[in-house]
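Raw contents of run_27.csv, CSV, C-alpha atoms:
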chain,number,residue,atom,x,y,z
S,1260,MET,CA,22.7,7.9,43.8
S,1261,ILE,CA,25.9,9.0,42.0
S,1262,ARG,CA,26.2,5.6,40.4
S,1263,ARG,CA,22.7,5.8,39.0
S,1264,ALA,CA,23.3,9.3,37.7
S,1265,LEU,CA,26.5,8.2,36.0
S,1266,THR,CA,24.8,5.2,34.5
S,1267,GLY,CA,22.0,7.5,33.1
S,1268,LEU,CA,24.6,9.9,31.7
S,1269,VAL,CA,26.5,7.0,30.0
S,1270,LEU,CA,23.2,5.8,28.4
S,1271,ILE,CA,22.4,9.3,27.2
S,1272,ILE,CA,25.9,9.7,25.7
S,1273,ALA,CA,25.7,6.3,24.0
S,1274,ALA,CA,22.2,7.0,22.6
S,1275,PHE,CA,23.4,10.4,21.3
S,1276,SER,CA,26.5,8.8,19.7
S,1277,LEU,CA,24.4,6.1,18.0
S,1278,SER,CA,22.0,8.7,16.7
S,1279,ALA,CA,24.9,10.8,15.3
S,1280,THR,CA,26.4,7.7,13.7
S,1281,GLU,CA,23.1,6.9,11.9
S,1282,LYS,CA,23.0,10.4,10.5
S,1283,ALA,CA,26.5,10.3,9.1
S,1284,ALA,CA,27.1,9.8,5.4
S,1285,PRO,CA,27.5,6.2,4.4
S,1286,ALA,CA,31.0,5.0,3.5
S,1287,ALA,CA,32.0,5.2,-0.2
S,1288,GLY,CA,31.1,2.0,-2.1
S,1289,SER,CA,28.4,1.0,0.4
S,1290,ALA,CA,25.0,-0.1,-0.8
S,1291,ARG,CA,23.5,3.2,0.4
S,1292,SER,CA,25.9,5.5,-1.3
S,1293,ALA,CA,24.2,5.1,-4.7
S,1294,PRO,CA,20.7,6.6,-4.9
S,1295,ARG,CA,17.9,4.8,-6.5
S,1296,VAL,CA,17.2,5.5,-10.1
S,1297,PHE,CA,13.8,6.7,-11.2
S,1298,GLU,CA,12.2,6.2,-14.6
S,1299,LEU,CA,9.5,8.6,-15.8
S,1300,ARG,CA,7.4,6.9,-18.5
S,1301,THR,CA,4.8,8.6,-20.7
S,1302,TYR,CA,2.4,6.6,-22.8
S,1303,TYR,CA,0.8,8.3,-25.7
S,1304,LEU,CA,-2.4,6.4,-26.5
S,1305,ASN,CA,-4.4,5.6,-29.5
S,1306,GLU,CA,-7.8,7.3,-29.5
S,1307,GLY,CA,-10.2,5.9,-26.9
S,1308,LYS,CA,-7.8,3.5,-25.3
S,1309,LEU,CA,-7.2,5.1,-21.9
S,1310,ASP,CA,-9.8,3.1,-20.1
S,1311,ASP,CA,-8.4,-0.1,-21.6
S,1312,LEU,CA,-4.9,0.8,-20.5
S,1313,HIS,CA,-6.1,1.7,-17.0
S,1314,THR,CA,-7.7,-1.8,-16.8
S,1315,ARG,CA,-4.6,-3.5,-18.0
S,1316,PHE,CA,-2.4,-1.7,-15.4
S,1317,ARG,CA,-5.0,-2.1,-12.6
S,1318,GLU,CA,-5.6,-5.8,-13.2
S,1319,HIS,CA,-2.2,-7.1,-14.5
S,1320,THR,CA,0.7,-4.7,-15.2
S,1321,CYS,CA,1.2,-3.3,-11.7
S,1322,ALA,CA,1.4,-6.7,-10.1
S,1323,LEU,CA,3.8,-8.0,-12.8
S,1324,LEU,CA,6.1,-5.0,-12.6
S,1325,THR,CA,6.2,-5.4,-8.8
S,1326,LYS,CA,6.8,-9.1,-9.1
S,1327,HIS,CA,9.9,-8.3,-11.2
S,1328,GLY,CA,11.4,-5.7,-9.0
S,1329,ALA,CA,9.9,-2.3,-9.9
S,1330,GLU,CA,8.8,0.1,-7.2
S,1331,LEU,CA,5.7,1.8,-8.4
S,1332,VAL,CA,5.8,5.4,-7.2
S,1333,GLY,CA,2.7,6.9,-8.9
S,1334,PHE,CA,0.5,7.2,-11.9
S,1335,TRP,CA,-1.0,10.3,-13.4
S,1336,THR,CA,-3.2,11.5,-16.3
S,1337,PRO,CA,-3.2,15.1,-17.5
S,1338,THR,CA,-6.2,17.3,-16.5
S,1339,ASP,CA,-6.0,19.7,-19.5
S,1340,ASP,CA,-6.7,19.0,-23.2
S,1341,LYS,CA,-3.5,20.8,-24.2
S,1342,ASP,CA,-1.4,18.3,-22.2
S,1343,GLY,CA,-3.1,15.2,-23.5
S,1344,LYS,CA,-6.2,14.7,-21.3
S,1345,GLY,CA,-7.7,11.4,-22.1
S,1346,SER,CA,-4.8,10.3,-24.3
S,1347,LYS,CA,-1.8,10.1,-22.1
S,1348,LEU,CA,-0.6,8.1,-19.0
S,1349,ILE,CA,2.4,9.2,-17.1
S,1350,TYR,CA,4.0,7.1,-14.3
S,1351,LEU,CA,7.1,7.0,-12.2
S,1352,VAL,CA,8.9,3.8,-11.2
S,1353,ALA,CA,12.0,3.4,-9.0
S,1354,PHE,CA,14.8,0.8,-9.1
S,1355,PRO,CA,17.9,0.2,-6.9
S,1356,SER,CA,20.1,0.9,-9.9
S,1357,ARG,CA,20.1,1.3,-13.7
S,1358,GLU,CA,21.2,-2.3,-14.0
S,1359,ALA,CA,18.3,-3.4,-11.8
S,1360,ALA,CA,15.9,-1.4,-14.1
S,1361,THR,CA,17.3,-3.2,-17.2
S,1362,ALA,CA,16.9,-6.6,-15.5
S,1363,THR,CA,13.4,-5.8,-14.3
S,1364,TRP,CA,12.2,-4.7,-17.8
S,1365,LYS,CA,13.8,-7.8,-19.4
S,1366,ALA,CA,12.2,-10.2,-16.9
S,1367,PHE,CA,8.8,-8.4,-17.2
S,1368,SER,CA,8.8,-8.5,-21.0
S,1369,ASP,CA,9.8,-12.2,-21.0
S,1370,ASP,CA,7.1,-13.1,-18.5
S,1371,PRO,CA,4.6,-15.5,-20.2
S,1372,GLU,CA,1.8,-13.9,-18.2
S,1373,TRP,CA,2.7,-10.5,-19.6
S,1374,LYS,CA,2.8,-11.8,-23.1
S,1375,LYS,CA,-0.7,-13.2,-22.7
S,1376,VAL,CA,-2.1,-10.1,-21.1
S,1377,TYR,CA,-0.5,-7.9,-23.8
S,1378,ALA,CA,-1.9,-9.9,-26.6
S,1379,GLU,CA,-5.4,-10.0,-25.0
S,1380,SER,CA,-5.4,-6.3,-24.4
S,1381,HIS,CA,-4.8,-5.7,-28.1
S,1382,LYS,CA,-7.8,-7.7,-29.4
S,1383,ASN,CA,-9.7,-4.5,-30.1
S,1384,GLY,CA,-6.7,-2.5,-31.3
S,1385,VAL,CA,-3.3,-1.4,-30.1
S,1386,LEU,CA,-3.5,0.7,-26.9
S,1387,VAL,CA,-0.2,2.6,-26.9
S,1388,LYS,CA,1.3,4.4,-30.0
S,1389,LYS,CA,4.4,5.8,-28.4
S,1390,VAL,CA,6.4,5.5,-25.1
S,1391,ASP,CA,8.8,8.1,-23.8
S,1392,SER,CA,11.2,7.0,-21.0
S,1393,VAL,CA,13.5,9.2,-19.0
S,1394,PHE,CA,15.8,7.8,-16.4
S,1395,MET,CA,16.6,10.2,-13.5
S,1396,GLU,CA,18.6,10.3,-10.3
S,1397,PRO,CA,17.7,12.4,-7.3
S,1398,THR,CA,19.6,15.6,-6.5
S,1399,ASP,CA,21.3,15.8,-3.1
S,1400,TYR,CA,18.5,18.1,-1.9
S,1401,SER,CA,15.6,16.0,-3.1
S,1402,ALA,CA,13.2,14.8,-0.5
S,1403,MET,CA,12.7,11.6,-2.4
S,1404,LYS,CA,15.8,9.4,-2.9
Turn the structure described in the file into structure tokens.
Amino acid sequence: MIRRALTGLVLIIAAFSLSATEKAAPAAGSARSAPRVFELRTYYLNEGKLDDLHTRFREHTCALLTKHGAELVGFWTPTDDKDGKGSKLIYLVAFPSREAATATWKAFSDDPEWKKVYAESHKNGVLVKKVDSVFMEPTDYSAMK
């Protein structure tokens, strides 16, 4: 009986220690010490091109970005005219590092499938007139890291 109680106590202490170790901050220089980098991209569209851009993302761009290492977090369009309703696409992507982002965008832009899709999507006019890109890192209190 005492032996069984001691064994149970040892297991509880071991589980607690393991849990505490998992919650501890990672060692400096470890792969987990650097947070992901996020890129907020805003596309300003030529008039009447939002549906065409949605089609390109839905049918091609999302898969190609994922293929080359981008983590697609979300896509949005403004709901108010003053903010660009119907003429703007905003999306957020994540990468393990800024270097990974650079490599992903290079591989994506060099992909023969992307070049073909891009050219085909412009047969009836250029879709995007301007792109803004902002790289961000999460704060220590951010729920998303």
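Note that atom CA of S:Val1296 and atom CA of S:Glu1358 are 9.6 Å apart.
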Worksheet item: What gap, in Å, lies between atom CA of S:Lys1382 and atom CA of S:Glu1306?
Response: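 Separating atom CA of S:Lys1382 from atom CA of S:Glu1306 is a distance of 15.0 Å.
When only C-alpha atoms are used to compute distances to S:Trp1373, the closest of the residues S:Thr1325, S:Thr1320, S:Ser1356, S:Thr1336 turns out to be S:Thr1320.
Closest approach to S:Ala1362 from the set S:Ala1329, S:Met1395, S:Met1403, S:Leu1299 is made by S:Ala1329, with distances taken over only C-alpha atoms.
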Residue contacts of S:Gly1345 (9 Å, all atoms listed in the file) excluding same-chain residues fewer than 2 positions away, as an mmCIF file with C-alpha atoms, in the coordinates of the input:
data_model
loop_
_atom_site.group_PDB
_atom_site.id
_atom_site.type_symbol
_atom_site.label_atom_id
_atom_site.label_comp_id
_atom_site.auth_asym_id
_atom_site.auth_seq_id
_atom_site.Cartn_x
_atom_site.Cartn_y
_atom_site.Cartn_z
ATOM 1 C CA LEU S 1304 -2.400 6.400 -26.500
ATOM 2 C CA GLU S 1306 -7.800 7.300 -29.500
ATOM 3 C CA GLY S 1307 -10.200 5.900 -26.900
ATOM 4 C CA LYS S 1308 -7.800 3.500 -25.300
ATOM 5 C CA LEU S 1309 -7.200 5.100 -21.900
ATOM 6 C CA ASP S 1310 -9.800 3.100 -20.100
ATOM 7 C CA THR S 1336 -3.200 11.500 -16.300
ATOM 8 C CA PRO S 1337 -3.200 15.100 -17.500
ATOM 9 C CA THR S 1338 -6.200 17.300 -16.500
ATOM 10 C CA ASP S 1339 -6.000 19.700 -19.500
ATOM 11 C CA ASP S 1340 -6.700 19.000 -23.200
ATOM 12 C CA GLY S 1343 -3.100 15.200 -23.500
ATOM 13 C CA LYS S 1347 -1.800 10.100 -22.100
ATOM 14 C CA LEU S 1348 -0.600 8.100 -19.000
#
Item to complete: Identify which of the residues S:Lys1344, S:Glu1330, S:Arg1295, S:Val1352 lies closest to S:Ser1392, counting all atoms listed in the file when measuring atom-to-atom distances.
Response: S:Val1352
Worksheet entry | Using all atoms listed in the file: which of S:His1327, S:His1319, S:Arg1300, S:His1313 has the shortest distance to S:Val1376 |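 For S:Val1376, the nearest of the given residues is S:His1319.
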Practice prompt. Give the answer as one residue: which of S:Ala1402, S:Ala1322, S:Asn1383, S:Ser1346 has the shortest atom-to-atom distance to S:Asn1305, using all atoms listed in the file?
Written response: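 Of the candidates, the smallest distance to S:Asn1305 is held by S:Ser1346.
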Worksheet item: Suppose you want the space between atom CA of S:Leu1323 and atom CA of S:Trp1335; what is it in Å?
Response: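 Between atom CA of S:Leu1323 and atom CA of S:Trp1335 the gap is 18.9 Å.
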Fill in: Shell of 10 Å around S:Gly1328, only C-alpha atoms, local chain residues under 3 positions omitted, as a list in words
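Here the qualifying residues turn out to be Leu1323, Leu1324, Thr1325, Leu1331, Ala1353, Phe1354, Pro1355, Ala1359, Ala1360, Ala1362, Thr1363, Trp1364, Ala1366 and Phe1367 of chain S.
Proximity ranking of S:Tyr1350, S:Phe1334, S:Phe1316, S:Phe1297 relative to S:Val1390 places S:Tyr1350 first, based on all atoms listed in the file.
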As a PDB file, in the frame of the given file, please: stretch 1366-1385 of chain S completed to N, CA and C atoms.
ATOM      1  N   ALA S1366      12.956  -9.121 -17.506  1.00  0.00           N
ATOM      2  CA  ALA S1366      12.200 -10.200 -16.900  1.00  0.00           C
ATOM      3  C   ALA S1366      10.665  -9.951 -17.113  1.00  0.00           C
ATOM      4  N   PHE S1367      10.242  -8.706 -17.008  1.00  0.00           N
ATOM      5  CA  PHE S1367       8.800  -8.400 -17.200  1.00  0.00           C
ATOM      6  C   PHE S1367       8.429  -8.692 -18.668  1.00  0.00           C
ATOM      7  N   SER S1368       9.212  -8.253 -19.639  1.00  0.00           N
ATOM      8  CA  SER S1368       8.800  -8.500 -21.000  1.00  0.00           C
ATOM      9  C   SER S1368       8.913  -9.943 -21.444  1.00  0.00           C
ATOM     10  N   ASP S1369       9.732 -10.729 -20.748  1.00  0.00           N
ATOM     11  CA  ASP S1369       9.800 -12.200 -21.000  1.00  0.00           C
ATOM     12  C   ASP S1369       8.814 -13.009 -20.282  1.00  0.00           C
ATOM     13  N   ASP S1370       8.096 -12.412 -19.353  1.00  0.00           N
ATOM     14  CA  ASP S1370       7.100 -13.100 -18.500  1.00  0.00           C
ATOM     15  C   ASP S1370       5.975 -13.652 -19.393  1.00  0.00           C
ATOM     16  N   PRO S1371       5.710 -14.956 -19.386  1.00  0.00           N
ATOM     17  CA  PRO S1371       4.600 -15.500 -20.200  1.00  0.00           C
ATOM     18  C   PRO S1371       3.252 -14.893 -19.861  1.00  0.00           C
ATOM     19  N   GLU S1372       3.039 -14.566 -18.591  1.00  0.00           N
ATOM     20  CA  GLU S1372       1.800 -13.900 -18.200  1.00  0.00           C
ATOM     21  C   GLU S1372       1.632 -12.569 -18.872  1.00  0.00           C
ATOM     22  N   TRP S1373       2.729 -11.779 -18.908  1.00  0.00           N
ATOM     23  CA  TRP S1373       2.700 -10.500 -19.600  1.00  0.00           C
ATOM     24  C   TRP S1373       2.394 -10.621 -21.045  1.00  0.00           C
ATOM     25  N   LYS S1374       3.046 -11.580 -21.681  1.00  0.00           N
ATOM     26  CA  LYS S1374       2.800 -11.800 -23.100  1.00  0.00           C
ATOM     27  C   LYS S1374       1.365 -12.093 -23.407  1.00  0.00           C
ATOM     28  N   LYS S1375       0.757 -12.892 -22.553  1.00  0.00           N
ATOM     29  CA  LYS S1375      -0.700 -13.200 -22.700  1.00  0.00           C
ATOM     30  C   LYS S1375      -1.543 -12.008 -22.505  1.00  0.00           C
ATOM     31  N   VAL S1376      -1.304 -11.276 -21.418  1.00  0.00           N
ATOM     32  CA  VAL S1376      -2.100 -10.100 -21.100  1.00  0.00           C
ATOM     33  C   VAL S1376      -1.937  -9.044 -22.227  1.00  0.00           C
ATOM     34  N   TYR S1377      -0.722  -8.848 -22.697  1.00  0.00           N
ATOM     35  CA  TYR S1377      -0.500  -7.900 -23.800  1.00  0.00           C
ATOM     36  C   TYR S1377      -1.262  -8.240 -25.008  1.00  0.00           C
ATOM     37  N   ALA S1378      -1.205  -9.493 -25.411  1.00  0.00           N
ATOM     38  CA  ALA S1378      -1.900  -9.900 -26.600  1.00  0.00           C
ATOM     39  C   ALA S1378      -3.437  -9.756 -26.438  1.00  0.00           C
ATOM     40  N   GLU S1379      -3.954 -10.143 -25.281  1.00  0.00           N
ATOM     41  CA  GLU S1379      -5.400 -10.000 -25.000  1.00  0.00           C
ATOM     42  C   GLU S1379      -5.843  -8.562 -25.011  1.00  0.00           C
ATOM     43  N   SER S1380      -4.996  -7.675 -24.505  1.00  0.00           N
ATOM     44  CA  SER S1380      -5.400  -6.300 -24.400  1.00  0.00           C
ATOM     45  C   SER S1380      -5.409  -5.589 -25.778  1.00  0.00           C
ATOM     46  N   HIS S1381      -4.857  -6.238 -26.798  1.00  0.00           N
ATOM     47  CA  HIS S1381      -4.800  -5.700 -28.100  1.00  0.00           C
ATOM     48  C   HIS S1381      -5.891  -6.249 -29.072  1.00  0.00           C
ATOM     49  N   LYS S1382      -6.791  -7.058 -28.531  1.00  0.00           N
ATOM     50  CA  LYS S1382      -7.800  -7.700 -29.400  1.00  0.00           C
ATOM     51  C   LYS S1382      -8.674  -6.646 -30.107  1.00  0.00           C
ATOM     52  N   ASN S1383      -8.893  -5.504 -29.468  1.00  0.00           N
ATOM     53  CA  ASN S1383      -9.700  -4.500 -30.100  1.00  0.00           C
ATOM     54  C   ASN S1383      -8.861  -3.267 -30.546  1.00  0.00           C
ATOM     55  N   GLY S1384      -7.595  -3.521 -30.806  1.00  0.00           N
ATOM     56  CA  GLY S1384      -6.700  -2.500 -31.300  1.00  0.00           C
ATOM     57  C   GLY S1384      -5.569  -2.190 -30.315  1.00  0.00           C
ATOM     58  N   VAL S1385      -4.483  -1.711 -30.865  1.00  0.00           N
ATOM     59  CA  VAL S1385      -3.300  -1.400 -30.100  1.00  0.00           C
ATOM     60  C   VAL S1385      -3.597  -0.212 -29.157  1.00  0.00           C
TER      61      VAL S1385
END
